[in-house]
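Below is one structure, written out as C-alpha cells; the observations come after it.
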Amino acid sequence: MPRPARCPSISALPGAALLPLMSVFSLLPVAAAILLMAVGLSACGEKGKQGEAVSRPVVRDVELVVVRPVLRETTAEALGTVRAKTTAAVAPQVMGRLTGVAVSEGSVVAAGALLATIDDTTVRAQLASAEGAVAEAEAAGEEADRVVAQAEAAKALAEKTYERFRRLVEGKLVAQREFDEADTRRTLAVKDLERAGQRKGQAVARLAQARGQADAARAAVAWTKVTAPFAGVVVEKRADAGSMAVPGVPLFILEDPRRHRIETFVSETYLPLLRKGTPVQVVLDADPGKPFSAVVTEIVPTIDPASRTFTVKADLPAGRARSGQSGKVRFAAGKGTVLAVPKRAITRAGSSEGVFTVGAADNMAHLSMITLGAEFDGRVEVLSGIEDGARVAVSPIDKLSDGARVEVRR
C-alpha cells in the first residue's frame with residue numbers, strides 16, 4: 001500500500017537543498033530593515049512637504065533706507081573704570097593689638113566716627129610718666145623763680161650800698177677799702193642774678209620738654225581710637241579684633257560715595273585733542289542705553305611706554321555710577337565718514353541693539369546685532385554689525401521678526 005507523501009523536514013533534506021533555504025531565512029532581517037527605512041524616508045518626505053506648505057509671515061508696506069557713509073565729526077572711544085574721587089586707606093598711627101572693630105564692609109560712617117580701638121595700656125603708662133615729669137618740671141620752675149627773686153633783691157641792695165659808699169668815699173668819710181668791698185658785693189650780686197636767670201631758663205626748657213612729651217603721650221592715647229577722616233562708606237576691611245595693628249598698614253579702605261570719576265587710558269594719538277575742560281560722553285556698561293555728558297577734569301601727560309596710552313579722568317554727575325563699574329568714554333576725534341541709521345530703526349534684543357536688514361534678492365528680514373556710537377541729527381552712528389549699502393527697515397519695526405518676508409513700500 002503506497003505511503004502518503006509528506007513534507008520533508010529540514011533535517012531530512014540533503015545538504016545541497018538545505019543551503020538555499022538557510023540563505024532565505026538569514027536575509028529576512030535585512031529585508032525588514034530596508035522596509036523600515038523606506039517607511040521612515042517616506043514619512044520624512046511628507047513632513048518636508050508639510051513644512052514647505054507653511055508660509056512665512058508677510059509684513060507689508062515696510063519702509064527701507066540704504067546705509068551710506070556720512071561725513072561728520074568722528075568719535076573715538078576708550079574703555080574706563082569708575083572710581084571714587086576721594087578714597088582713603090585708613091591706617092593706625094600706633095602699634096598694638098586691636099581690641100575692637102566697630103564697622104564692616106558697606107558701613108556708612110560720619111567724619112570722626114570710631115572704626116576700631118587699639119590696646120592703650122602701654123601708651124597710658126607713658127602718659128602718666130610724662131604728666132609726672134611735667135609736675136616735677138613745674139616745681140623746679142617755681143623754685144627757679146624764687147631764686148631769681150632773691151638774686152634780684154640782693155642785687156638791688158648791693159647797688160644801693162655801692163652808691164652810698166661811692167658818695168662817702170668822694171667826701172673822704174670812709175676808707176677806700178670799704179668802698180672796694182661794696183663794689184665787690186655789687187659785682188657778686190650781678191653774677192648771682194645771671195646764674196639764677198640761667199637756672200630759670202633751664203627749668204623753663206625742661207618744663208616745655210615735659211609738656212611736649214605729655215602732649216605726645218595724649219596723642220598716642222587718642223591714636224588708639226582709629227576714626228574716619230571723612231564721611232563715607234567702608235568698602236574694605238582688612239583686619240579683625242585680635243589682629244596686630246602696625247603703623248602705616250591700612251586697616252580699612254574708605255571712599256566718598258557722593259563723588260565719582262571715570263578713569264580711562266587713551267591712545268597717545270589723541271593727546272593733542274584732549275585737555276582739561278574737553279566735553280566727553282560716558283556710557284556705562286551696566287546701562288548702555290543712557291549715555292550722559294561729562295567734562296575732562298584731569299590729564300596725566302606722561303605716556304605709558306608699554307601700552308602707548310595716557311590717563312584721562314572725567315568727573316561724573318552725582319548718583320550716576322558706583323566704584324568699579326566699567327564704561328566707555330567717547331570724544332570728538334575730527335571729521336570723517338561714518339555709517340549711521342535712523343534712531344527709529346533700532347530695536348532692542350535682550351541687552352543689545354540691532355536693526356532689521358532686508359535682503360535684496362529674497363526680501364527677507366534678518367536681525368543684525370550692531371554696536372552703536374554717538375547720536376546726531378536723529379541718527380545713530382554704527383560702529384560695527386552692518387556694512388555700506390545695507391538695506392535697513394525703518395518701519396514698522398514692531399511687526400518685523402527675524403526671517404519674516406517683506407513687501408517694500410513703493
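By convention in this document, the chains of the C-alpha cells carry letters A, B, ... by their order, each chain's residues are numbered from 1, and ligands are numbered from 1 in the order they are shown.
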
Discussion item. Which residues are close to A:Ala239, i.e. within 10 Å by only C-alpha atoms, leaving aside same-chain residues fewer than 2 positions away? Reply as an NGL selection string.
Written reply: :A and (98 or 101 or 116 or 236-237 or 241-245 or 250-252)

Once you have the residues from the selection above, write them out as an mmCIF file, in the first residue's frame, restricted to N, CA and C atoms.
data_model
loop_
_atom_site.group_PDB
_atom_site.id
_atom_site.type_symbol
_atom_site.label_atom_id
_atom_site.label_comp_id
_atom_site.auth_asym_id
_atom_site.auth_seq_id
_atom_site.Cartn_x
_atom_site.Cartn_y
_atom_site.Cartn_z
ATOM 1 N N LEU A 98 44.479 94.993 68.222
ATOM 2 C CA LEU A 98 43.128 95.523 68.050
ATOM 3 C C LEU A 98 42.200 94.915 69.100
ATOM 4 N N VAL A 101 36.642 96.134 66.567
ATOM 5 C CA VAL A 101 36.387 96.697 65.238
ATOM 6 C C VAL A 101 34.912 97.053 65.176
ATOM 7 N N ALA A 116 37.859 101.506 64.867
ATOM 8 C CA ALA A 116 38.478 100.407 65.610
ATOM 9 C C ALA A 116 39.198 100.982 66.828
ATOM 10 N N GLU A 236 36.295 98.291 52.254
ATOM 11 C CA GLU A 236 37.173 97.154 52.502
ATOM 12 C C GLU A 236 37.608 97.157 53.956
ATOM 13 N N LYS A 237 37.540 95.979 54.607
ATOM 14 C CA LYS A 237 38.003 95.808 55.990
ATOM 15 C C LYS A 237 39.070 94.719 55.979
ATOM 16 N N ALA A 241 39.251 92.040 65.257
ATOM 17 C CA ALA A 241 39.699 92.159 66.640
ATOM 18 C C ALA A 241 40.686 91.041 66.965
ATOM 19 N N GLY A 242 41.766 91.415 67.643
ATOM 20 C CA GLY A 242 42.813 90.451 67.977
ATOM 21 C C GLY A 242 44.015 90.548 67.063
ATOM 22 N N SER A 243 43.861 91.157 65.902
ATOM 23 C CA SER A 243 44.984 91.322 64.984
ATOM 24 C C SER A 243 45.926 92.401 65.502
ATOM 25 N N MET A 244 47.161 92.369 65.001
ATOM 26 C CA MET A 244 48.146 93.377 65.391
ATOM 27 C C MET A 244 48.063 94.548 64.428
ATOM 28 N N ALA A 245 47.885 95.731 64.990
ATOM 29 C CA ALA A 245 47.867 96.952 64.187
ATOM 30 C C ALA A 245 49.291 97.482 64.081
ATOM 31 N N PRO A 250 47.284 99.751 56.220
ATOM 32 C CA PRO A 250 45.851 100.090 56.248
ATOM 33 C C PRO A 250 44.998 98.998 56.884
ATOM 34 N N LEU A 251 44.030 99.449 57.693
ATOM 35 C CA LEU A 251 43.031 98.555 58.272
ATOM 36 C C LEU A 251 41.721 98.604 57.489
ATOM 37 N N PHE A 252 41.418 99.771 56.902
ATOM 38 C CA PHE A 252 40.164 99.970 56.177
ATOM 39 C C PHE A 252 40.435 100.796 54.920
#

(message) Can you tell me which residues surround A:Asp61 at a distance of at most 12 Å, considering only C-alpha atoms, apart from same-chain residues fewer than 6 positions away, and format the answer as a list in words?
(response) Ala393, Val394, Ser395, Pro396, Ile397, Lys399, Leu400, Arg405, Val406, Glu407, Val408, Arg409 and Arg410 of chain A

I need the residues from that last selection saved to file as an mmCIF file, in the first residue's frame (with C-alpha atoms), if you can.
data_model
loop_
_atom_site.group_PDB
_atom_site.id
_atom_site.type_symbol
_atom_site.label_atom_id
_atom_site.label_comp_id
_atom_site.auth_asym_id
_atom_site.auth_seq_id
_atom_site.Cartn_x
_atom_site.Cartn_y
_atom_site.Cartn_z
ATOM 1 C CA ALA A 393 13.991 98.627 7.784
ATOM 2 C CA VAL A 394 12.730 101.813 9.413
ATOM 3 C CA SER A 395 9.052 100.946 9.956
ATOM 4 C CA PRO A 396 7.007 99.128 11.095
ATOM 5 C CA ILE A 397 9.721 97.738 13.394
ATOM 6 C CA LYS A 399 5.807 93.918 13.256
ATOM 7 C CA LEU A 400 9.100 92.558 11.955
ATOM 8 C CA ARG A 405 9.025 88.127 4.396
ATOM 9 C CA VAL A 406 8.785 91.787 3.490
ATOM 10 C CA GLU A 407 6.858 93.852 0.953
ATOM 11 C CA VAL A 408 8.756 97.087 0.474
ATOM 12 C CA ARG A 409 6.851 100.359 0.378
ATOM 13 C CA ARG A 410 6.817 101.844 -3.140
#

Please list as a count of residues only every residue within 6 Å of A:Arg261, counting only C-alpha atoms and excluding residues in the same chain fewer than 5 positions away. 6

_Let's see if you can do this: from backbone DSSP, list all strand (DSSP E) residues in stretch 150-291 of chain A, as an MDAnalysis selection string._
chainID A and resid 225:227 232:237 244:245 252:255 260:267 279:284

If you keep N, CA and C atoms, can you produce a file of those selected residues as a PDB file, in the first residue's frame?
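Wrote it out as part_23.pdb, contents follow:
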ATOM      1  N   LYS A 225      42.333 105.041  69.121  1.00  0.00           N
ATOM      2  CA  LYS A 225      40.988 105.016  68.544  1.00  0.00           C
ATOM      3  C   LYS A 225      41.118 105.423  67.075  1.00  0.00           C
ATOM      4  N   VAL A 226      40.942 104.456  66.168  1.00  0.00           N
ATOM      5  CA  VAL A 226      41.053 104.711  64.731  1.00  0.00           C
ATOM      6  C   VAL A 226      39.715 105.272  64.253  1.00  0.00           C
ATOM      7  N   THR A 227      39.737 106.480  63.678  1.00  0.00           N
ATOM      8  CA  THR A 227      38.499 107.157  63.284  1.00  0.00           C
ATOM      9  C   THR A 227      38.489 107.442  61.785  1.00  0.00           C
ATOM     10  N   GLY A 232      31.846 108.773  54.701  1.00  0.00           N
ATOM     11  CA  GLY A 232      31.908 107.909  53.527  1.00  0.00           C
ATOM     12  C   GLY A 232      31.414 106.515  53.818  1.00  0.00           C
ATOM     13  N   VAL A 233      31.851 105.582  52.985  1.00  0.00           N
ATOM     14  CA  VAL A 233      31.442 104.181  53.079  1.00  0.00           C
ATOM     15  C   VAL A 233      32.697 103.321  53.198  1.00  0.00           C
ATOM     16  N   VAL A 234      32.670 102.359  54.108  1.00  0.00           N
ATOM     17  CA  VAL A 234      33.779 101.415  54.244  1.00  0.00           C
ATOM     18  C   VAL A 234      33.635 100.372  53.128  1.00  0.00           C
ATOM     19  N   VAL A 235      34.573 100.366  52.196  1.00  0.00           N
ATOM     20  CA  VAL A 235      34.497  99.429  51.078  1.00  0.00           C
ATOM     21  C   VAL A 235      35.396  98.225  51.270  1.00  0.00           C
ATOM     22  N   GLU A 236      36.295  98.291  52.254  1.00  0.00           N
ATOM     23  CA  GLU A 236      37.173  97.154  52.502  1.00  0.00           C
ATOM     24  C   GLU A 236      37.608  97.157  53.956  1.00  0.00           C
ATOM     25  N   LYS A 237      37.540  95.979  54.607  1.00  0.00           N
ATOM     26  CA  LYS A 237      38.003  95.808  55.990  1.00  0.00           C
ATOM     27  C   LYS A 237      39.070  94.719  55.979  1.00  0.00           C
ATOM     28  N   MET A 244      47.161  92.369  65.001  1.00  0.00           N
ATOM     29  CA  MET A 244      48.146  93.377  65.391  1.00  0.00           C
ATOM     30  C   MET A 244      48.063  94.548  64.428  1.00  0.00           C
ATOM     31  N   ALA A 245      47.885  95.731  64.990  1.00  0.00           N
ATOM     32  CA  ALA A 245      47.867  96.952  64.187  1.00  0.00           C
ATOM     33  C   ALA A 245      49.291  97.482  64.081  1.00  0.00           C
ATOM     34  N   PHE A 252      41.418  99.771  56.902  1.00  0.00           N
ATOM     35  CA  PHE A 252      40.164  99.970  56.177  1.00  0.00           C
ATOM     36  C   PHE A 252      40.435 100.796  54.920  1.00  0.00           C
ATOM     37  N   ILE A 253      39.582 100.605  53.915  1.00  0.00           N
ATOM     38  CA  ILE A 253      39.552 101.480  52.747  1.00  0.00           C
ATOM     39  C   ILE A 253      38.212 102.205  52.783  1.00  0.00           C
ATOM     40  N   LEU A 254      38.289 103.528  52.800  1.00  0.00           N
ATOM     41  CA  LEU A 254      37.095 104.368  52.920  1.00  0.00           C
ATOM     42  C   LEU A 254      36.989 105.244  51.674  1.00  0.00           C
ATOM     43  N   GLU A 255      35.779 105.386  51.145  1.00  0.00           N
ATOM     44  CA  GLU A 255      35.598 106.270  49.991  1.00  0.00           C
ATOM     45  C   GLU A 255      34.337 107.106  50.162  1.00  0.00           C
ATOM     46  N   HIS A 260      32.216 110.630  42.087  1.00  0.00           N
ATOM     47  CA  HIS A 260      32.946 109.623  41.338  1.00  0.00           C
ATOM     48  C   HIS A 260      33.526 110.236  40.067  1.00  0.00           C
ATOM     49  N   ARG A 261      34.463 109.547  39.504  1.00  0.00           N
ATOM     50  CA  ARG A 261      35.005 109.923  38.202  1.00  0.00           C
ATOM     51  C   ARG A 261      35.369 108.654  37.452  1.00  0.00           C
ATOM     52  N   ILE A 262      35.448 108.770  36.142  1.00  0.00           N
ATOM     53  CA  ILE A 262      35.852 107.636  35.323  1.00  0.00           C
ATOM     54  C   ILE A 262      37.277 107.882  34.858  1.00  0.00           C
ATOM     55  N   GLU A 263      38.103 106.862  34.980  1.00  0.00           N
ATOM     56  CA  GLU A 263      39.499 106.945  34.568  1.00  0.00           C
ATOM     57  C   GLU A 263      39.699 106.005  33.389  1.00  0.00           C
ATOM     58  N   THR A 264      40.254 106.528  32.311  1.00  0.00           N
ATOM     59  CA  THR A 264      40.416 105.742  31.099  1.00  0.00           C
ATOM     60  C   THR A 264      41.811 105.936  30.538  1.00  0.00           C
ATOM     61  N   PHE A 265      42.254 104.963  29.761  1.00  0.00           N
ATOM     62  CA  PHE A 265      43.562 105.020  29.126  1.00  0.00           C
ATOM     63  C   PHE A 265      43.346 105.227  27.623  1.00  0.00           C
ATOM     64  N   VAL A 266      43.826 106.359  27.124  1.00  0.00           N
ATOM     65  CA  VAL A 266      43.572 106.784  25.752  1.00  0.00           C
ATOM     66  C   VAL A 266      44.858 106.686  24.949  1.00  0.00           C
ATOM     67  N   SER A 267      44.728 106.278  23.693  1.00  0.00           N
ATOM     68  CA  SER A 267      45.887 106.159  22.814  1.00  0.00           C
ATOM     69  C   SER A 267      46.612 107.499  22.692  1.00  0.00           C
ATOM     70  N   PRO A 279      34.662 118.373  26.589  1.00  0.00           N
ATOM     71  CA  PRO A 279      33.442 117.599  26.843  1.00  0.00           C
ATOM     72  C   PRO A 279      33.566 116.179  26.287  1.00  0.00           C
ATOM     73  N   VAL A 280      33.050 115.216  27.015  1.00  0.00           N
ATOM     74  CA  VAL A 280      33.051 113.814  26.594  1.00  0.00           C
ATOM     75  C   VAL A 280      31.677 113.218  26.895  1.00  0.00           C
ATOM     76  N   GLN A 281      31.432 112.068  26.308  1.00  0.00           N
ATOM     77  CA  GLN A 281      30.202 111.319  26.583  1.00  0.00           C
ATOM     78  C   GLN A 281      30.582 110.017  27.263  1.00  0.00           C
ATOM     79  N   VAL A 282      29.875 109.691  28.340  1.00  0.00           N
ATOM     80  CA  VAL A 282      30.163 108.487  29.119  1.00  0.00           C
ATOM     81  C   VAL A 282      29.010 107.508  28.962  1.00  0.00           C
ATOM     82  N   VAL A 283      29.360 106.251  28.675  1.00  0.00           N
ATOM     83  CA  VAL A 283      28.367 105.174  28.556  1.00  0.00           C
ATOM     84  C   VAL A 283      28.788 104.061  29.504  1.00  0.00           C
ATOM     85  N   LEU A 284      27.970 103.797  30.525  1.00  0.00           N
ATOM     86  CA  LEU A 284      28.268 102.731  31.474  1.00  0.00           C
ATOM     87  C   LEU A 284      27.777 101.404  30.906  1.00  0.00           C
TER      88      LEU A 284
END

- For A:Val380, please output as number ranges by chain all residues within 6 Å (counting only C-alpha atoms; exclusion window: fewer than 4 positions along the same chain). A: 340-341, 343, 374-375

How about saving the chosen residues, N, CA and C atoms kept, as a CSV table (one decimal), in the first residue's frame?
chain,number,residue,atom,x,y,z
A,340,ALA,N,25.6,105.4,9.5
A,340,ALA,CA,24.6,105.8,10.5
A,340,ALA,C,23.3,105.3,10.1
A,341,VAL,N,22.4,105.0,11.0
A,341,VAL,CA,21.0,104.6,10.7
A,341,VAL,C,20.0,105.5,11.5
A,343,LYS,N,17.4,106.7,14.1
A,343,LYS,CA,17.3,106.2,15.5
A,343,LYS,C,16.1,105.3,15.6
A,374,ALA,N,27.9,107.5,18.7
A,374,ALA,CA,27.2,108.8,19.1
A,374,ALA,C,25.9,109.0,18.3
A,375,GLU,N,25.0,109.8,18.9
A,375,GLU,CA,23.8,110.2,18.1
A,375,GLU,C,24.0,111.6,17.5

Fill in: Nearest candidate to A:Gly141 (options A:Arg177, A:Lys155, A:Arg206, A:Arg97; using only C-alpha atoms)
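Result for the nearest residue to A:Gly141: A:Arg206.
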
A:Gly385 proximity check over A:Pro288, A:Gly132, A:Gly277, A:Gly354, using only C-alpha atoms: winner is A:Gly354

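Of the residues listed (A:Asp256, A:Pro301, A:Leu115, A:Thr86), A:Leu115 shows the shortest atom-to-atom separation from A:Ala102; distances use only C-alpha atoms.
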
Stretch 165-370 of chain A: residues DSSP assigns to helix (DSSP H, G or I), reported as a PyMOL selection string: chain A and resi 165-170+176-223+268-273+343-345

Computed gap from atom CA of A:Lys313 to atom CA of A:Ala228 is 26.0 Å

Here atom CA of A:Glu63 and atom CA of A:Ser401 stand apart by 14.7 Å

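Coordinates place atom CA of A:Gly336 at a distance of 23.2 Å from atom CA of A:Ala294.
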